Structure formats: C-alpha cells, structure tokens
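Source file: upload-v7.txt. Holds: compact mmCIF, C-alpha atoms.
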# COMPACT_ATOMS: atom_id res chain seq x y z
CA MET A 1 106.19 120.74 95.21
CA SER A 2 109.32 120.36 97.34
CA ARG A 3 111.67 117.52 96.54
CA LYS A 4 111.66 114.55 98.92
CA GLU A 5 115.45 114.18 98.82
CA ASP A 6 115.61 113.40 102.56
CA LYS A 7 112.88 110.77 102.49
CA ASN A 8 113.39 107.02 102.59
CA LEU A 9 111.93 106.10 99.21
CA ILE A 10 111.89 102.93 97.15
CA VAL A 11 110.72 102.53 93.54
CA GLY A 12 109.23 99.57 91.64
CA LEU A 13 109.27 99.54 87.82
CA ASP A 14 107.03 97.00 86.07
CA ILE A 15 107.95 96.90 82.36
CA GLY A 16 105.07 94.90 80.90
CA THR A 17 104.03 93.99 77.39
CA SER A 18 100.96 96.25 77.48
CA LYS A 19 101.94 98.93 80.03
CA VAL A 20 104.79 100.36 82.08
CA VAL A 21 104.02 101.07 85.74
CA VAL A 22 106.21 103.03 88.17
CA ILE A 23 105.25 103.10 91.86
CA VAL A 24 107.11 105.20 94.45
CA GLY A 25 106.84 104.08 98.06
CA GLU A 26 107.96 105.85 101.24
CA VAL A 27 109.31 103.48 103.90
CA SER A 28 108.32 104.34 107.46
CA PRO A 29 110.66 103.77 110.43
CA GLY A 30 108.58 100.68 111.24
CA GLY A 31 109.18 99.22 107.78
CA SER A 32 105.71 99.72 106.28
CA ILE A 33 105.36 101.29 102.82
CA GLU A 34 103.11 104.18 101.83
CA VAL A 35 102.57 104.72 98.11
CA VAL A 36 103.30 108.39 97.33
CA GLY A 37 103.63 108.32 93.54
CA LEU A 38 102.29 106.36 90.58
CA GLY A 39 102.95 106.62 86.86
CA THR A 40 101.66 104.49 83.97
CA HIS A 41 102.10 104.57 80.21
CA PRO A 42 101.24 102.17 77.37
CA SER A 43 104.19 99.91 76.55
CA ARG A 44 105.31 100.04 72.92
CA GLY A 45 108.60 98.14 72.79
CA LEU A 46 107.93 94.67 74.23
CA LYS A 47 106.57 91.45 72.81
CA LYS A 48 105.62 88.52 75.04
CA GLY A 49 107.52 90.07 77.95
CA VAL A 50 110.80 90.63 76.06
CA VAL A 51 112.23 93.93 74.78
CA VAL A 52 112.09 94.05 70.97
CA ASN A 53 112.53 97.82 70.48
CA ILE A 54 114.92 99.71 72.74
CA GLU A 55 113.85 103.23 71.77
CA SER A 56 110.12 102.60 72.19
CA THR A 57 110.68 100.93 75.56
CA VAL A 58 112.87 103.79 76.77
CA GLN A 59 110.19 106.33 75.82
CA SER A 60 107.47 104.37 77.62
CA ILE A 61 109.59 104.06 80.77
CA GLN A 62 110.49 107.76 80.69
CA TYR A 63 106.85 108.88 80.42
CA ALA A 64 105.84 106.65 83.36
CA VAL A 65 108.83 107.80 85.47
CA ASP A 66 108.10 111.47 84.79
CA GLU A 67 104.48 111.03 85.87
CA ALA A 68 105.49 109.23 89.08
CA GLU A 69 108.11 111.89 89.89
CA ARG A 70 105.56 114.68 89.50
CA MET A 71 103.07 112.94 91.76
CA ALA A 72 105.63 112.00 94.45
CA GLY A 73 107.56 115.28 94.26
CA CYS A 74 110.89 113.49 94.04
CA ARG A 75 113.72 112.70 91.64
CA ILE A 76 113.98 108.96 90.96
CA HIS A 77 117.52 107.61 90.57
CA SER A 78 117.15 103.84 90.94
CA VAL A 79 114.47 101.16 90.63
CA TYR A 80 113.66 97.53 91.27
CA THR A 81 112.41 96.05 88.02
CA GLY A 82 110.83 92.76 86.93
CA ILE A 83 111.66 90.23 84.23
CA SER A 84 109.47 87.72 82.40
CA GLY A 85 109.24 85.94 79.06
CA SER A 86 109.40 82.42 77.66
CA HIS A 87 113.21 82.39 78.17
CA ILE A 88 112.66 82.03 81.94
CA ARG A 89 113.44 78.57 83.32
CA GLY A 90 112.83 77.22 86.82
CA PHE A 91 113.99 73.96 88.39
CA ASN A 92 114.70 72.46 91.79
CA SER A 93 118.19 71.60 93.03
CA HIS A 94 119.87 70.06 96.06
CA GLY A 95 123.15 70.80 97.85
CA VAL A 96 125.08 69.05 100.65
CA THR A 97 127.99 70.14 102.83
CA ALA A 98 129.66 69.16 106.10
CA ILE A 99 129.01 71.39 109.12
CA LYS A 100 132.20 72.84 110.57
CA ASN A 101 132.52 72.76 114.38
CA GLN A 102 129.21 70.83 114.56
CA GLU A 103 127.20 74.09 114.68
CA VAL A 104 125.69 75.70 111.61
CA SER A 105 127.23 79.09 110.84
CA SER A 106 126.45 81.59 108.10
CA GLU A 107 129.50 80.28 106.24
CA ASP A 108 128.01 76.75 106.28
CA VAL A 109 124.76 78.13 104.84
CA ASP A 110 126.69 79.97 102.13
CA ARG A 111 128.60 76.79 101.23
CA VAL A 112 125.51 74.61 100.96
CA MET A 113 123.78 77.23 98.81
CA GLU A 114 126.84 77.33 96.55
CA ALA A 115 126.73 73.53 96.32
CA ALA A 116 123.05 73.70 95.31
CA ARG A 117 123.78 76.15 92.49
CA VAL A 118 126.41 73.95 90.86
CA VAL A 119 124.21 72.79 87.98
CA ALA A 120 124.66 72.77 84.22
CA ILE A 121 122.79 75.59 82.50
CA PRO A 122 122.98 76.76 78.86
CA ALA A 123 125.67 79.32 78.02
CA ASP A 124 123.09 81.97 77.13
CA GLN A 125 121.34 81.69 80.53
CA LYS A 126 122.25 83.15 83.91
CA ILE A 127 120.91 82.43 87.38
CA LEU A 128 118.43 85.11 88.52
CA HIS A 129 117.34 83.66 91.86
CA ILE A 130 118.27 80.83 94.20
CA LEU A 131 115.25 80.42 96.47
CA PRO A 132 115.62 78.21 99.59
CA GLN A 133 112.78 75.75 100.11
CA GLU A 134 114.05 73.97 103.20
CA PHE A 135 117.23 72.92 104.99
CA ILE A 136 117.97 69.43 106.31
CA ILE A 137 120.34 68.72 109.21
CA ASP A 138 121.26 65.06 109.77
CA ASN A 139 118.07 63.92 107.96
CA GLN A 140 115.87 66.29 110.01
CA GLU A 141 113.70 67.98 107.36
CA GLY A 142 111.59 71.12 107.32
CA ILE A 143 114.15 73.53 108.81
CA GLN A 144 113.70 77.13 107.62
CA ASP A 145 116.61 78.81 109.43
CA PRO A 146 119.45 76.42 110.30
CA ALA A 147 121.82 79.01 111.82
CA GLY A 148 123.06 77.99 115.27
CA MET A 149 121.69 74.44 115.09
CA SER A 150 123.91 71.45 115.88
CA GLY A 151 124.74 68.68 113.45
CA VAL A 152 127.36 67.25 111.09
CA ARG A 153 125.63 67.28 107.68
CA LEU A 154 123.71 70.20 106.16
CA GLU A 155 121.54 69.91 103.05
CA ALA A 156 119.57 72.56 101.15
CA ARG A 157 116.68 72.18 98.75
CA VAL A 158 116.33 75.21 96.52
CA HIS A 159 114.43 76.47 93.49
CA ILE A 160 116.69 78.02 90.85
CA VAL A 161 115.36 80.54 88.31
CA THR A 162 117.42 81.33 85.20
CA GLY A 163 116.86 83.82 82.41
CA ALA A 164 118.43 84.79 79.10
CA VAL A 165 121.45 87.04 79.59
CA SER A 166 120.45 89.15 76.56
CA ALA A 167 116.90 89.72 77.84
CA ALA A 168 118.14 90.95 81.22
CA GLN A 169 120.83 93.10 79.61
CA ASN A 170 118.25 94.78 77.35
CA ILE A 171 116.07 95.62 80.37
CA ILE A 172 119.04 97.16 82.17
CA LYS A 173 120.04 99.05 79.02
CA CYS A 174 116.55 100.55 78.68
CA VAL A 175 116.49 101.61 82.34
CA GLN A 176 119.97 103.15 82.11
CA ARG A 177 119.01 105.07 78.97
CA CYS A 178 116.43 106.81 81.16
CA GLY A 179 119.22 107.90 83.53
CA LEU A 180 118.28 105.34 86.20
CA GLU A 181 120.16 102.64 88.09
CA VAL A 182 118.87 99.07 88.45
CA ASP A 183 118.83 97.98 92.10
CA ASP A 184 117.84 94.42 91.22
CA ILE A 185 115.98 92.36 88.62
CA ILE A 186 113.20 90.23 90.09
CA LEU A 187 111.09 87.50 88.51
CA GLN A 188 107.67 89.04 87.93
CA GLN A 189 105.58 86.22 89.37
CA MET A 190 107.75 86.30 92.51
CA ALA A 191 106.99 89.99 92.89
CA ALA A 192 103.27 89.54 92.21
CA SER A 193 103.07 86.64 94.68
CA ARG A 194 104.59 88.82 97.40
CA ALA A 195 101.86 91.41 96.81
CA VAL A 196 98.75 89.19 96.63
CA LEU A 197 99.35 85.93 98.52
CA ASN A 198 99.11 85.48 102.28
CA ALA A 199 101.19 83.22 104.54
CA ASP A 200 98.43 80.63 104.97
CA GLU A 201 98.10 80.14 101.21
CA ARG A 202 101.85 79.71 100.77
CA GLU A 203 101.96 77.17 103.58
CA LEU A 204 98.93 75.15 102.43
CA GLY A 205 100.01 75.20 98.80
CA VAL A 206 98.77 77.62 96.14
CA CYS A 207 99.17 78.33 92.43
CA LEU A 208 99.53 81.97 91.38
CA LEU A 209 98.58 82.89 87.80
CA ASP A 210 99.67 86.39 86.77
CA ILE A 211 97.83 87.01 83.48
CA GLY A 212 99.40 90.00 81.78
CA GLY A 213 99.36 91.35 78.25
CA GLY A 214 102.05 89.17 76.69
CA THR A 215 102.65 86.29 79.13
CA THR A 216 100.85 84.28 81.78
CA ASP A 217 103.30 83.77 84.66
CA LEU A 218 102.81 80.77 86.95
CA ALA A 219 104.28 80.14 90.41
CA VAL A 220 103.49 77.23 92.74
CA PHE A 221 104.08 77.50 96.49
CA THR A 222 104.17 74.50 98.86
CA HIS A 223 105.15 74.53 102.54
CA GLY A 224 105.79 78.26 102.39
CA ALA A 225 108.31 78.25 99.53
CA ILE A 226 108.31 78.37 95.73
CA SER A 227 108.36 74.85 94.27
CA HIS A 228 107.74 75.54 90.59
CA THR A 229 107.79 78.48 88.16
CA SER A 230 106.83 78.71 84.51
CA VAL A 231 105.93 81.26 81.84
CA ILE A 232 103.15 80.60 79.29
CA PRO A 233 103.69 82.88 76.26
CA ILE A 234 100.04 83.80 75.61
CA ALA A 235 97.87 86.26 77.52
CA GLY A 236 95.60 89.27 77.15
CA ASP A 237 97.04 90.58 73.88
CA GLN A 238 95.94 87.36 72.20
CA VAL A 239 92.37 88.05 73.32
CA THR A 240 92.58 91.55 71.85
CA ASN A 241 93.82 90.09 68.57
CA ASP A 242 90.96 87.55 68.52
CA ILE A 243 88.41 90.35 68.96
CA ALA A 244 90.05 92.47 66.24
CA VAL A 245 89.99 89.58 63.75
CA ALA A 246 86.53 88.26 64.62
CA PHE A 247 84.83 91.66 64.48
CA ARG A 248 87.08 93.26 61.85
CA THR A 249 87.91 96.21 64.06
CA PRO A 250 91.20 98.08 64.67
CA THR A 251 93.40 96.71 67.44
CA GLN A 252 92.97 99.83 69.60
CA SER A 253 89.19 99.55 69.35
CA ALA A 254 89.40 95.82 70.14
CA GLU A 255 91.39 96.62 73.30
CA GLU A 256 88.78 99.17 74.41
CA ILE A 257 85.95 96.71 73.74
CA LYS A 258 87.77 94.03 75.75
CA ILE A 259 88.28 96.31 78.74
CA LYS A 260 84.77 97.80 78.78
CA HIS A 261 82.48 95.00 77.62
CA ALA A 262 84.16 91.56 77.47
CA CYS A 263 83.07 88.63 79.62
CA CYS A 264 84.68 85.19 80.06
CA LEU A 265 81.42 83.26 80.39
CA LYS A 266 78.68 83.67 77.81
CA GLN A 267 75.99 82.52 80.28
CA LEU A 268 76.67 85.71 82.28
CA THR A 269 75.66 87.85 79.28
CA ARG A 270 72.32 88.54 77.62
CA SER A 271 71.81 88.57 73.88
CA GLU A 272 69.91 91.87 74.06
CA GLN A 273 73.01 93.64 75.43
CA GLN A 274 74.43 95.58 72.47
CA ILE A 275 77.85 97.19 71.90
CA ASP A 276 79.13 99.51 69.19
CA VAL A 277 82.08 98.19 67.19
CA ALA A 278 84.24 100.50 65.06
CA SER A 279 85.03 99.31 61.53
CA VAL A 280 88.34 99.44 59.69
CA GLY A 281 88.87 102.44 57.42
CA ASP A 282 85.92 104.69 56.55
CA ARG A 283 83.23 102.04 56.98
CA ALA A 284 80.38 102.79 59.35
CA ALA A 285 80.42 101.40 62.90
CA ARG A 286 78.33 98.30 63.61
CA THR A 287 76.30 97.05 66.55
CA LEU A 288 76.91 93.54 67.90
CA SER A 289 75.65 91.62 70.90
CA ARG A 290 77.74 91.25 74.04
CA ARG A 291 77.07 87.51 73.94
CA ALA A 292 78.79 87.30 70.54
CA LEU A 293 81.81 88.98 72.13
CA ALA A 294 81.80 86.48 75.00
CA GLU A 295 81.72 83.61 72.48
CA VAL A 296 85.03 84.91 71.08
CA VAL A 297 86.66 85.61 74.46
CA GLU A 298 85.63 82.50 76.42
CA PRO A 299 87.55 79.89 74.34
CA ARG A 300 90.79 81.88 74.62
CA TYR A 301 90.57 82.22 78.40
CA GLU A 302 89.66 78.55 78.61
CA GLU A 303 92.85 77.85 76.66
CA PHE A 304 94.90 79.93 79.16
CA PHE A 305 93.58 77.89 82.05
CA GLU A 306 93.92 74.55 80.26
CA LEU A 307 97.57 75.30 79.50
CA ALA A 308 98.14 76.32 83.13
CA ARG A 309 96.46 73.14 84.37
CA GLU A 310 98.65 71.03 82.06
CA GLU A 311 101.72 72.82 83.41
CA LEU A 312 100.55 72.06 86.96
CA GLN A 313 100.13 68.40 86.06
CA ARG A 314 103.63 68.27 84.53
CA SER A 315 105.10 69.88 87.65
CA GLY A 316 103.69 67.16 89.90
CA PHE A 317 102.26 69.70 92.38
CA GLU A 318 98.63 69.68 91.23
CA ASN A 319 97.47 67.68 94.24
CA LEU A 320 99.52 69.73 96.73
CA ILE A 321 97.83 73.12 96.33
CA ALA A 322 95.08 72.95 98.94
CA ALA A 323 94.56 76.73 98.83
CA GLY A 324 93.71 76.52 95.13
CA VAL A 325 94.46 79.15 92.50
CA VAL A 326 94.94 82.91 92.82
CA LEU A 327 94.53 85.03 89.67
CA THR A 328 96.11 88.44 89.26
CA GLY A 329 97.44 90.73 86.54
CA GLY A 330 95.59 93.13 84.25
CA SER A 331 93.89 90.40 82.19
CA SER A 332 92.39 88.79 85.31
CA LYS A 333 89.95 91.69 85.85
CA MET A 334 87.44 90.52 83.25
CA GLU A 335 83.95 89.55 84.36
CA GLY A 336 83.54 85.79 84.78
CA VAL A 337 87.25 85.00 84.96
CA VAL A 338 87.09 83.49 88.47
CA GLU A 339 84.01 81.42 87.62
CA LEU A 340 85.64 80.04 84.45
CA ALA A 341 88.85 79.21 86.32
CA ASN A 342 86.79 77.33 88.91
CA GLU A 343 85.28 75.20 86.14
CA VAL A 344 88.66 74.40 84.53
CA PHE A 345 90.82 73.81 87.63
CA HIS A 346 88.11 72.22 89.81
CA MET A 347 89.56 73.93 92.87
CA PRO A 348 88.99 77.15 94.85
CA THR A 349 89.90 80.27 92.86
CA ARG A 350 90.04 83.93 93.87
CA LEU A 351 91.16 87.25 92.43
CA GLY A 352 94.37 88.50 94.05
CA LEU A 353 94.64 92.21 94.93
CA PRO A 354 97.83 93.91 96.20
CA HIS A 355 98.08 94.39 99.96
CA ASP A 356 100.63 95.34 102.64
CA VAL A 357 100.94 98.94 101.39
CA THR A 358 99.10 102.11 102.40
CA GLY A 359 98.38 105.30 100.50
CA MET A 360 96.35 105.58 97.30
CA GLU A 361 94.71 102.27 98.26
CA ASP A 362 91.63 102.93 96.15
CA ILE A 363 93.94 103.00 93.11
CA VAL A 364 96.66 100.43 93.81
CA ARG A 365 94.31 97.73 95.15
CA ASN A 366 93.94 96.57 91.58
CA PRO A 367 95.42 93.42 89.98
CA ILE A 368 96.98 95.64 87.28
CA TYR A 369 99.46 96.88 89.91
CA SER A 370 100.28 93.53 91.58
CA THR A 371 103.77 93.19 90.10
CA ALA A 372 104.75 96.83 90.72
CA VAL A 373 103.58 96.70 94.35
CA GLY A 374 105.37 93.37 94.79
CA LEU A 375 108.60 94.91 93.49
CA LEU A 376 108.29 97.59 96.19
CA LEU A 377 107.74 95.00 98.93
CA PHE A 378 110.43 92.64 97.66
CA GLY A 379 112.95 95.45 97.29
CA ASN A 380 112.21 96.81 100.77
CA GLU A 381 112.71 93.40 102.37
CA ASN A 382 115.89 92.49 100.47
CA ARG A 383 117.85 95.71 100.12
CA ARG A 384 121.01 96.22 102.10
CA PRO A 385 120.55 97.75 105.58
CA THR A 386 123.12 100.46 104.82
CA ARG A 387 121.09 101.75 101.88
CA LEU A 388 119.18 104.90 102.87
CA SER A 389 117.18 106.07 99.91
CA THR A 390 116.53 105.38 96.25
CA VAL A 391 116.64 109.12 95.64
CA SER A 392 120.33 109.11 96.58
CA ARG A 393 123.09 107.69 94.43
CA ALA A 394 125.11 106.74 97.51
CA GLY A 395 125.43 103.03 98.04
CA ASN A 396 124.78 102.01 94.43
CA LYS A 397 128.38 101.15 93.56
CA GLY A 398 128.35 97.78 95.28
CA LEU A 399 125.07 96.81 93.69
CA TRP A 400 126.19 97.96 90.27
CA SER A 401 129.41 95.96 90.63
CA ARG A 402 127.28 92.92 91.34
CA MET A 403 125.16 93.56 88.27
CA LYS A 404 128.29 93.96 86.12
CA ASN A 405 129.65 90.68 87.48
CA TRP A 406 126.29 89.15 86.55
CA PHE A 407 127.18 89.70 82.88
CA GLN A 408 130.95 89.33 83.11
CA GLY A 409 132.39 86.97 80.58
CA ASN A 410 129.34 87.04 78.32
CA PHE A 411 129.97 90.23 76.39

Please go through the file and, once you have read it, give me the structure as structure tokens.
Amino acid sequence: MSRKEDKNLIVGLDIGTSKVVVIVGEVSPGGSIEVVGLGTHPSRGLKKGVVVNIESTVQSIQYAVDEAERMAGCRIHSVYTGISGSHIRGFNSHGVTAIKNQEVSSEDVDRVMEAARVVAIPADQKILHILPQEFIIDNQEGIQDPAGMSGVRLEARVHIVTGAVSAAQNIIKCVQRCGLEVDDIILQQMAASRAVLNADERELGVCLLDIGGGTTDLAVFTHGAISHTSVIPIAGDQVTNDIAVAFRTPTQSAEEIKIKHACCLKQLTRSEQQIDVASVGDRAARTLSRRALAEVVEPRYEEFFELAREELQRSGFENLIAAGVVLTGGSSKMEGVVELANEVFHMPTRLGLPHDVTGMEDIVRNPIYSTAVGLLLFGNENRRPTRLSTVSRAGNKGLWSRMKNWFQGNF
C-alpha cells in the first residue's frame, strides 16, 4: 500500500488500563475527519489509569501503532494522547483585569486568563487545561467571546484541571520510546465528551461518565462549558476481579465471561440460562447460571453509580443537569447498564456513541472508542493552523518546546 505522506492526517492515542487504541483520521478540506486506520492491543503496563511498567506500556503502544499504520498505509510520527488517574484534580477559578482602551483585545483576554490561573497548587502537580466557562464585562454575565466588546472591567470564570507531573512525564516517555512525538496531552473525559455529547446536552447540563477498565471519569457540563471534573479509581477491572474470585476462575476467563455473558440487572436474566466457567489449574470446567453471574456484577455497578452520584452531590451541580447522564467507555456496553443507572440517578440516562467522524463507522461507533475518537476531534480543532500533517515532523519544534517548558524546573 502506498504511503499517505502527502495526506492531512491526525492521530489519537488512547492509553487505557485495559487496552491501547490508535485511530488515524484524514482531515478533509472542509474540516471533517474520516477514519482511515485503527489499531488496538491489550494494555499491560497501566494500573488505574497510571503507567506502572514502562516496558510493557511501550510494547502495547507499539503493537497498536503498527496495526494502525498497516491499515492506514502511513507512517505515524506524532499523536494526541489522553491522561487519567486519581491524581487528576479539577476546580473552578476566577480572574479579573482592567480593559485597555475600553475595548476587549486578545491581550486583555490573555491577561484575564493568566489572572485566573494564579492559584496555589501542590509542587508535584501541573496545570493541564484552563477551560473558559464564561466572561463577564462590567457585570454583564454569560459572554462566550468578549473580543471587540466595550467595557472597563473584564472577568473570566474558568475550570482548571491539574495532573501529577510524573504521570504525564511517564506517558510522554512511553510515547517517545515508540519513536513518536506528543502533540498534546488531553484529559480523557474531555476527549470522550467531545465525541459523544451534543451541543444541546452541554447547554442544558449533563453528566458524562466514562467507565473504563481502571477508572471511571466524570465530567459535568452546564451552560455549554465544563463545570466539574473528577476521577473515581474503580471501574471494569474490579468487576472482572469480582467474577474471578466469586467463581474461582482465572482472570482472563473472568474477563471473557464478563464481555460475553454479564448483565447489570438480575431481573433481565433467567435462571435457566447457563454458562461454562473454566476452573483454576487442571480442574474440570463448571456450569453456572447467568443469574448467579448478574448477582455478582450488579452490586459492583451499583457501587460505581452510587459513588458518581455522591460526587455529583458534592459538586453542587446535581440539580443543574437537565439532560441527565451519558454513559460511555468500554465498561458501559454491558446489558442493563442504562436501566441500572436510571434507577440510581433518578434522571434520564443514555449510552453515548462516538459521532462527528466518517469512515469505518460500523466499527468506531462503539463506546470503547469514545476517548480515541474524541482525541482526534479535539486535536483537529485545537492544533495550530500552520501544522499540515501528523505524518510530517515539520512544525513539531514549537509544540515540543512547549511540552519541555511544561516540565521545566521539576526535573
């Protein structure tokens, strides 16, 4: 297959606890993205969203990248990648500045954003994102783009996301060991929200729950902007462990049983439905009912949703999410998950599937790929206009300088 060196390509790399996903997208002149390559591989070097084994993570990334390159017929040089884990912190901040010449310029916006970021954070944390919620000019609230407006006092309300410097550095190190550049590191629930939420949900107020293998990532949107983020350090791997312990079966068999047969609500199963369960060692396989499996799985998923609801209550936004809850991520595919979430949250719930991309839609319209698709969309919307292609090394020096400055003084 000929190399697509002259194409305008962009690459998303989702390094998850249970799998690594690489998606290659081709950007059309109109700005839309067509998926032209996809690679996946089981993840071996992460625990609860954080790298714990460099070599294993590098191998997993390399396998997924090789598969995506073969499918897309290109050579990948740089990627947008995600970050998650219990080290992530999110909080709201507020900045104020005087407007020069009584008309808001880009310099005024930069100054008020700098004022909003002047907050005390621990020495081992760095700011990942500063996300504008709204601007206020002379007490006039709800302004999304203040440029060119008249006034004397400009305020900004923002949501700041911080992460552990070491966690981000380890992700970059793993990517570089594969011979790749990091275009940017993006909070995973931000990426997933870009892929599965629509504008009406963001405006009305919605809670996104990205249930992965190691973490459940939460993001709350109100009035079109992120108001709260959080990471709950339990997810699908805990369900697999529960099945392995309850049925005395190897972890790999427990994972297969979970994917093929598990259900979140025991009333959706019938006791006569039987499944084969492998035993540990040389013991013979056993047959158990699917309802018994649901009785193990349901309490754990109920715990996920209870913890998420408690986090919503602590955030103060529980009564401001009129659009309800959107579930996504690989562990949200299980039968009965939406019905159980409805019972726990007492609000509308739906399963979020990636959208806004074309090509291989029958494959990528799957909650497993929400974060990877979101990384594509986020990267396409936020990359520099001068940048032509992720299959070219040109234009990476400025970005890499920014990433080095990100860590300057810490190592």

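Separating CA of Ile54 (chain A) from CA of Asp66 (chain A) is a distance of 18.2 Å.
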
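Distances to His129 (chain A) were evaluated for A:Leu154, A:Ile226, A:Ala195, A:Leu208 using only C-alpha atoms, and the minimum falls at A:Ile226.
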
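For Val65 (chain A), the residues within 9 Å (counting all atoms listed in the file, excluding itself and residues fewer than 2 positions away along the chain) are A:Leu13, A:Val21, A:Val22, A:Ile23, A:Leu38, A:Gly39, A:Thr40, A:Ser60, A:Ile61, A:Gln62, A:Tyr63, A:Glu67, A:Ala68, A:Glu69, A:Arg70, A:Ile76, A:Cys178.
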
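Excluding Ala278 (chain A) and any residue on its chain fewer than 4 positions from it, the residues at most 12 Å away by only C-alpha atoms are Ile243, Ala244, Phe247, Arg248, Thr249, Pro250, Thr251, Gln252, Ser253, Ala254, Glu255, Glu256, Ile257, Asp282, Arg283, Ala284, Ala285, Arg286, Thr287 and Leu288 of chain A.
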
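Among the candidates A:Leu204, A:Ala292, A:Ile83, A:Ile130, the one nearest to Ile186 (chain A) when counting all atoms listed in the file is A:Ile83.
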
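CA of Met149 (chain A) sits 28.2 Å away from CA of Asn198 (chain A).
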
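Counting from CA of Val118 (chain A), the distance to CA of Ser150 (chain A) is 25.3 Å.
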
Missing atoms of region 44-61 of chain A rebuilt to N, CA and C atoms, written as a PDB file, in the frame of the given file:
ATOM      1  N   ARG A  44     105.247 100.149  74.374  1.00  0.00           N
ATOM      2  CA  ARG A  44     105.310 100.040  72.920  1.00  0.00           C
ATOM      3  C   ARG A  44     106.455  99.162  72.420  1.00  0.00           C
ATOM      4  N   GLY A  45     107.388  98.784  73.294  1.00  0.00           N
ATOM      5  CA  GLY A  45     108.600  98.140  72.790  1.00  0.00           C
ATOM      6  C   GLY A  45     108.820  96.712  73.227  1.00  0.00           C
ATOM      7  N   LEU A  46     107.764  96.043  73.769  1.00  0.00           N
ATOM      8  CA  LEU A  46     107.930  94.670  74.230  1.00  0.00           C
ATOM      9  C   LEU A  46     106.981  93.736  73.498  1.00  0.00           C
ATOM     10  N   LYS A  47     107.402  92.494  73.384  1.00  0.00           N
ATOM     11  CA  LYS A  47     106.570  91.450  72.810  1.00  0.00           C
ATOM     12  C   LYS A  47     106.735  90.195  73.652  1.00  0.00           C
ATOM     13  N   LYS A  48     105.627  89.703  74.180  1.00  0.00           N
ATOM     14  CA  LYS A  48     105.620  88.520  75.040  1.00  0.00           C
ATOM     15  C   LYS A  48     106.632  88.639  76.173  1.00  0.00           C
ATOM     16  N   GLY A  49     106.688  89.848  76.773  1.00  0.00           N
ATOM     17  CA  GLY A  49     107.520  90.070  77.950  1.00  0.00           C
ATOM     18  C   GLY A  49     108.965  90.405  77.670  1.00  0.00           C
ATOM     19  N   VAL A  50     109.391  90.421  76.406  1.00  0.00           N
ATOM     20  CA  VAL A  50     110.800  90.630  76.060  1.00  0.00           C
ATOM     21  C   VAL A  50     110.933  91.910  75.245  1.00  0.00           C
ATOM     22  N   VAL A  51     111.986  92.681  75.517  1.00  0.00           N
ATOM     23  CA  VAL A  51     112.230  93.930  74.780  1.00  0.00           C
ATOM     24  C   VAL A  51     112.564  93.611  73.328  1.00  0.00           C
ATOM     25  N   VAL A  52     111.820  94.225  72.399  1.00  0.00           N
ATOM     26  CA  VAL A  52     112.090  94.050  70.970  1.00  0.00           C
ATOM     27  C   VAL A  52     112.418  95.385  70.303  1.00  0.00           C
ATOM     28  N   ASN A  53     112.208  96.498  71.017  1.00  0.00           N
ATOM     29  CA  ASN A  53     112.530  97.820  70.480  1.00  0.00           C
ATOM     30  C   ASN A  53     113.020  98.691  71.625  1.00  0.00           C
ATOM     31  N   ILE A  54     114.318  98.967  71.642  1.00  0.00           N
ATOM     32  CA  ILE A  54     114.920  99.710  72.740  1.00  0.00           C
ATOM     33  C   ILE A  54     114.338 101.109  72.853  1.00  0.00           C
ATOM     34  N   GLU A  55     114.290 101.843  71.732  1.00  0.00           N
ATOM     35  CA  GLU A  55     113.850 103.230  71.770  1.00  0.00           C
ATOM     36  C   GLU A  55     112.416 103.367  72.273  1.00  0.00           C
ATOM     37  N   SER A  56     111.515 102.525  71.756  1.00  0.00           N
ATOM     38  CA  SER A  56     110.120 102.600  72.190  1.00  0.00           C
ATOM     39  C   SER A  56     109.982 102.276  73.673  1.00  0.00           C
ATOM     40  N   THR A  57     110.736 101.288  74.138  1.00  0.00           N
ATOM     41  CA  THR A  57     110.680 100.930  75.560  1.00  0.00           C
ATOM     42  C   THR A  57     111.203 102.063  76.425  1.00  0.00           C
ATOM     43  N   VAL A  58     112.302 102.674  76.016  1.00  0.00           N
ATOM     44  CA  VAL A  58     112.870 103.790  76.770  1.00  0.00           C
ATOM     45  C   VAL A  58     111.858 104.928  76.885  1.00  0.00           C
ATOM     46  N   GLN A  59     111.183 105.262  75.787  1.00  0.00           N
ATOM     47  CA  GLN A  59     110.190 106.330  75.820  1.00  0.00           C
ATOM     48  C   GLN A  59     109.052 106.005  76.783  1.00  0.00           C
ATOM     49  N   SER A  60     108.573 104.768  76.733  1.00  0.00           N
ATOM     50  CA  SER A  60     107.470 104.370  77.620  1.00  0.00           C
ATOM     51  C   SER A  60     107.887 104.466  79.082  1.00  0.00           C
ATOM     52  N   ILE A  61     109.095 103.989  79.397  1.00  0.00           N
ATOM     53  CA  ILE A  61     109.590 104.060  80.770  1.00  0.00           C
ATOM     54  C   ILE A  61     109.707 105.518  81.206  1.00  0.00           C
TER      55      ILE A  61
END
